[in-house]
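As stored in query.cif (mmCIF, C-alpha atoms):
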data_work
loop_
_atom_site.group_PDB
_atom_site.id
_atom_site.type_symbol
_atom_site.label_atom_id
_atom_site.label_comp_id
_atom_site.auth_asym_id
_atom_site.auth_seq_id
_atom_site.Cartn_x
_atom_site.Cartn_y
_atom_site.Cartn_z
ATOM 1 C CA MET A 1 -2.735 -27.004 14.366
ATOM 2 C CA PHE A 2 -2.255 -24.233 11.819
ATOM 3 C CA ASP A 3 0.634 -26.062 10.163
ATOM 4 C CA ILE A 4 -1.743 -28.968 9.570
ATOM 5 C CA LEU A 5 -4.413 -26.667 8.128
ATOM 6 C CA VAL A 6 -1.904 -25.164 5.694
ATOM 7 C CA TYR A 7 -0.711 -28.662 4.780
ATOM 8 C CA LEU A 8 -4.294 -29.736 4.030
ATOM 9 C CA TYR A 9 -4.857 -26.668 1.881
ATOM 10 C CA GLU A 10 -1.659 -27.329 -0.043
ATOM 11 C CA THR A 11 -2.278 -31.065 -0.426
ATOM 12 C CA TYR A 12 -6.001 -31.399 -1.093
ATOM 13 C CA TYR A 13 -7.539 -29.262 -3.796
ATOM 14 C CA ARG A 14 -11.011 -29.583 -2.308
ATOM 15 C CA PRO A 15 -12.205 -30.694 1.125
ATOM 16 C CA ASP A 16 -14.022 -33.662 -0.401
ATOM 17 C CA ALA A 17 -10.629 -34.865 -1.679
ATOM 18 C CA CYS A 18 -9.498 -35.314 1.933
ATOM 19 C CA PRO A 19 -9.690 -38.841 3.304
ATOM 20 C CA ASN A 20 -12.013 -39.574 6.211
ATOM 21 C CA PRO A 21 -10.792 -38.334 9.625
ATOM 22 C CA GLN A 22 -9.304 -41.671 10.734
ATOM 23 C CA VAL A 23 -7.282 -42.146 7.542
ATOM 24 C CA LEU A 24 -6.292 -38.480 7.536
ATOM 25 C CA ALA A 25 -5.078 -38.741 11.139
ATOM 26 C CA LYS A 26 -2.891 -41.729 10.220
ATOM 27 C CA LYS A 27 -1.454 -39.899 7.193
ATOM 28 C CA LEU A 28 -0.715 -36.773 9.223
ATOM 29 C CA SER A 29 0.892 -38.854 11.969
ATOM 30 C CA ALA A 30 3.046 -40.676 9.414
ATOM 31 C CA ILE A 31 4.233 -37.318 8.061
ATOM 32 C CA GLY A 32 5.323 -36.357 11.569
ATOM 33 C CA PHE A 33 2.606 -34.104 12.935
ATOM 34 C CA ASP A 34 1.944 -34.295 16.678
ATOM 35 C CA ASP A 35 -1.084 -36.401 17.708
ATOM 36 C CA GLU A 36 -2.566 -33.599 19.828
ATOM 37 C CA GLU A 37 -2.260 -31.119 16.952
ATOM 38 C CA ILE A 38 -3.852 -33.651 14.595
ATOM 39 C CA THR A 39 -6.797 -34.123 16.954
ATOM 40 C CA ASP A 40 -7.186 -30.348 17.351
ATOM 41 C CA ALA A 41 -7.022 -29.712 13.602
ATOM 42 C CA ILE A 42 -9.488 -32.460 12.684
ATOM 43 C CA GLY A 43 -11.897 -31.318 15.402
ATOM 44 C CA TRP A 44 -11.566 -27.692 14.295
ATOM 45 C CA LEU A 45 -12.255 -28.671 10.672
ATOM 46 C CA ASP A 46 -15.245 -30.786 11.684
ATOM 47 C CA VAL A 47 -16.827 -27.829 13.456
ATOM 48 C CA LEU A 48 -15.991 -25.612 10.452
ATOM 49 C CA THR A 49 -17.896 -28.018 8.204
ATOM 50 C CA GLN A 50 -20.863 -28.135 10.577
ATOM 51 C CA THR A 51 -20.892 -24.345 10.959
ATOM 52 C CA SER A 52 -20.770 -23.827 7.198
ATOM 53 C CA LYS A 53 -23.743 -26.147 6.700
ATOM 54 C CA SER A 54 -25.854 -24.634 9.472
ATOM 55 C CA SER A 55 -25.023 -20.954 9.079
ATOM 56 C CA PRO A 56 -27.927 -18.629 8.333
ATOM 57 C CA LYS A 57 -28.555 -17.300 4.863
ATOM 58 C CA GLN A 58 -27.193 -13.897 3.955
ATOM 59 C CA SER A 59 -28.584 -10.984 5.881
ATOM 60 C CA ASP A 60 -29.872 -7.705 4.570
ATOM 61 C CA PRO A 61 -27.017 -5.856 2.798
ATOM 62 C CA LYS A 62 -27.913 -2.734 4.800
ATOM 63 C CA SER A 63 -27.296 -4.494 8.102
ATOM 64 C CA PHE A 64 -24.065 -4.188 10.052
ATOM 65 C CA ARG A 65 -22.215 -6.184 12.699
ATOM 66 C CA ILE A 66 -21.803 -5.008 16.272
ATOM 67 C CA TYR A 67 -19.102 -6.931 18.111
ATOM 68 C CA ALA A 68 -19.472 -7.987 21.731
ATOM 69 C CA THR A 69 -16.801 -6.806 24.145
ATOM 70 C CA GLN A 70 -15.454 -10.371 24.472
ATOM 71 C CA GLU A 71 -15.187 -10.700 20.668
ATOM 72 C CA ILE A 72 -13.292 -7.415 20.404
ATOM 73 C CA ALA A 73 -10.887 -8.476 23.148
ATOM 74 C CA GLN A 74 -10.305 -11.968 21.777
ATOM 75 C CA LEU A 75 -10.056 -11.065 18.096
ATOM 76 C CA GLY A 76 -8.078 -7.850 18.510
ATOM 77 C CA THR A 77 -8.088 -4.764 16.355
ATOM 78 C CA ALA A 78 -5.881 -6.151 13.577
ATOM 79 C CA ALA A 79 -8.181 -9.136 13.024
ATOM 80 C CA LEU A 80 -11.320 -7.008 13.188
ATOM 81 C CA ALA A 81 -9.854 -4.544 10.694
ATOM 82 C CA PHE A 82 -8.893 -7.360 8.327
ATOM 83 C CA ILE A 83 -12.363 -8.921 8.524
ATOM 84 C CA GLN A 84 -13.900 -5.500 7.861
ATOM 85 C CA PHE A 85 -11.575 -4.993 4.893
ATOM 86 C CA LEU A 86 -12.559 -8.353 3.373
ATOM 87 C CA GLU A 87 -16.243 -7.637 3.810
ATOM 88 C CA SER A 88 -16.131 -4.035 2.574
ATOM 89 C CA ALA A 89 -14.171 -5.152 -0.495
ATOM 90 C CA LYS A 90 -16.929 -7.755 -1.044
ATOM 91 C CA LEU A 91 -14.397 -10.572 -0.815
ATOM 92 C CA ILE A 92 -16.527 -12.275 1.850
ATOM 93 C CA ASN A 93 -20.208 -11.991 2.673
ATOM 94 C CA SER A 94 -21.844 -11.648 6.100
ATOM 95 C CA GLU A 95 -22.381 -15.411 6.391
ATOM 96 C CA GLN A 96 -18.700 -16.075 5.735
ATOM 97 C CA ARG A 97 -17.745 -13.301 8.171
ATOM 98 C CA GLU A 98 -19.688 -15.028 10.935
ATOM 99 C CA ILE A 99 -18.041 -18.371 10.190
ATOM 100 C CA ILE A 100 -14.614 -16.712 10.316
ATOM 101 C CA ILE A 101 -15.415 -15.035 13.628
ATOM 102 C CA GLU A 102 -16.750 -18.252 15.151
ATOM 103 C CA ARG A 103 -13.699 -20.286 14.095
ATOM 104 C CA ALA A 104 -11.292 -17.515 15.200
ATOM 105 C CA LEU A 105 -12.905 -17.391 18.638
ATOM 106 C CA ALA A 106 -12.510 -21.169 18.903
ATOM 107 C CA VAL A 107 -8.733 -20.821 18.649
ATOM 108 C CA GLN A 108 -8.530 -19.421 22.196
ATOM 109 C CA GLU A 109 -5.631 -17.106 21.441
ATOM 110 C CA THR A 110 -6.031 -13.499 22.564
ATOM 111 C CA PRO A 111 -5.684 -11.534 20.400
ATOM 112 C CA ILE A 112 -5.587 -13.868 17.449
ATOM 113 C CA PRO A 113 -2.509 -13.189 15.311
ATOM 114 C CA LEU A 114 -3.295 -11.883 11.840
ATOM 115 C CA ASP A 115 -1.362 -14.698 10.145
ATOM 116 C CA LYS A 116 -3.585 -17.264 11.884
ATOM 117 C CA LEU A 117 -6.741 -15.339 10.997
ATOM 118 C CA LYS A 118 -5.665 -15.403 7.355
ATOM 119 C CA ILE A 119 -5.346 -19.184 7.531
ATOM 120 C CA ILE A 120 -8.843 -19.345 9.022
ATOM 121 C CA VAL A 121 -10.188 -17.272 6.113
ATOM 122 C CA LEU A 122 -8.371 -19.495 3.622
ATOM 123 C CA MET A 123 -9.742 -22.656 5.272
ATOM 124 C CA MET A 124 -13.280 -21.246 5.372
ATOM 125 C CA LEU A 125 -13.132 -20.641 1.610
ATOM 126 C CA TRP A 126 -11.529 -24.049 1.042
ATOM 127 C CA SER A 127 -14.259 -25.752 3.077
ATOM 128 C CA GLN A 128 -16.861 -24.105 0.858
ATOM 129 C CA GLY A 129 -15.033 -25.144 -2.296
ATOM 130 C CA LYS A 130 -14.317 -21.520 -3.211
ATOM 131 C CA GLU A 131 -11.148 -20.048 -4.584
ATOM 132 C CA PRO A 132 -9.994 -16.685 -3.287
ATOM 133 C CA ASP A 133 -9.821 -14.102 -6.052
ATOM 134 C CA LEU A 134 -6.410 -12.566 -6.804
ATOM 135 C CA LEU A 135 -6.811 -9.578 -4.472
ATOM 136 C CA MET A 136 -7.815 -11.812 -1.579
ATOM 137 C CA PHE A 137 -5.141 -14.367 -2.419
ATOM 138 C CA ASP A 138 -2.474 -11.643 -2.252
ATOM 139 C CA GLU A 139 -3.837 -10.425 1.080
ATOM 140 C CA LEU A 140 -4.055 -13.918 2.555
ATOM 141 C CA LEU A 141 -0.576 -14.911 1.426
ATOM 142 C CA SER A 142 1.220 -11.667 2.197
ATOM 143 C CA ASP A 143 2.815 -13.098 5.366
ATOM 144 C CA GLU A 144 5.954 -15.188 5.099
ATOM 145 C CA GLN A 145 4.384 -17.961 7.202
ATOM 146 C CA ILE A 146 1.616 -18.625 4.693
ATOM 147 C CA LYS A 147 3.153 -19.600 1.395
ATOM 148 C CA PRO A 148 1.504 -22.616 -0.120
ATOM 149 C CA HIS A 149 3.608 -24.482 -2.627
ATOM 150 C CA LEU A 150 0.636 -25.178 -4.840
ATOM 151 C CA LEU A 151 -1.724 -22.517 -6.039
ATOM 152 C CA HIS A 152 -5.146 -24.027 -6.587
#

Can you dump the structure from the file as structure tokens?
Amino acid sequence: MFDILVYLYETYYRPDACPNPQVLAKKLSAIGFDDEEITDAIGWLDVLTQTSKSSPKQSDPKSFRIYATQEIAQLGTAALAFIQFLESAKLINSEQREIIIERALAVQETPIPLDKLKIIVLMMLWSQGKEPDLLMFDELLSDEQIKPHLLH
């Protein structure tokens, strides 16, 4: 699924440039992606879009996030530390943090590998039509697995 997400990021500048799910599925299948991965990726993106539209407005800047035991176990310390870094550096806001957490928990991988969390962050920004600033871009693309050929 994550290979498809990276492909979409590299290929489509904005999410509204993506074809509808049926056409996209055919294109991804023609490229050689597995049908199950295509279904998972399109479903994951659909929920990302819905979550982004229905997420609450920003909370009080003085508030803080307390993680449930299940979230800590599923996300892992590396992912939690990275999310905290992004938020403390003001690279994401609390609304975006919650979207990232929700989509990371949906992956069902315990703990979620940091390279996959970085793709989730990148896709969350992409879905909102936002470009990561240079500091965030360096952080998100620091792993060898995540090297888009096109910089948006």

How would you write, as a PyMOL selection string, the residues chosen by the PyMOL selection byres ((chain A and resi 43) around 12) on this structure?
-> chain A and resi 1+4-5+21-22+25+36-42+44-50+103+106-107

Apply the PyMOL selection byres ((chain A and resi 102) around 12) to the structure shown and report the selected residues as a PyMOL selection string.
-> chain A and resi 44+47-48+50-52+55+67+71+74-75+95-101+103-108+117+120-121+124

Of the candidates A:Phe2, A:Phe85, A:Phe64, A:Tyr13, which one gets nearest to Asp34 of chain A if we count all atoms listed in the file?
->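 For Asp34 of chain A, the nearest of the given residues is A:Phe2.
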
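Atom CA of Pro15 of chain A lies 5.7 Å from atom CA of Ser127 of chain A.
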
List the residues selected by the PyMOL selection byres ((chain A and resi 6) around 9) in the file shown, writing them as a list of chain:residue names.
->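 So the PyMOL selection byres ((chain A and resi 6) around 9), applied here, picks out A:Met1, A:Phe2, A:Asp3, A:Ile4, A:Leu5, A:Tyr7, A:Leu8, A:Tyr9, A:Glu10, A:Thr11, A:Ile119, A:Leu122, A:Met123, A:Ile146, A:Lys147, A:Pro148.
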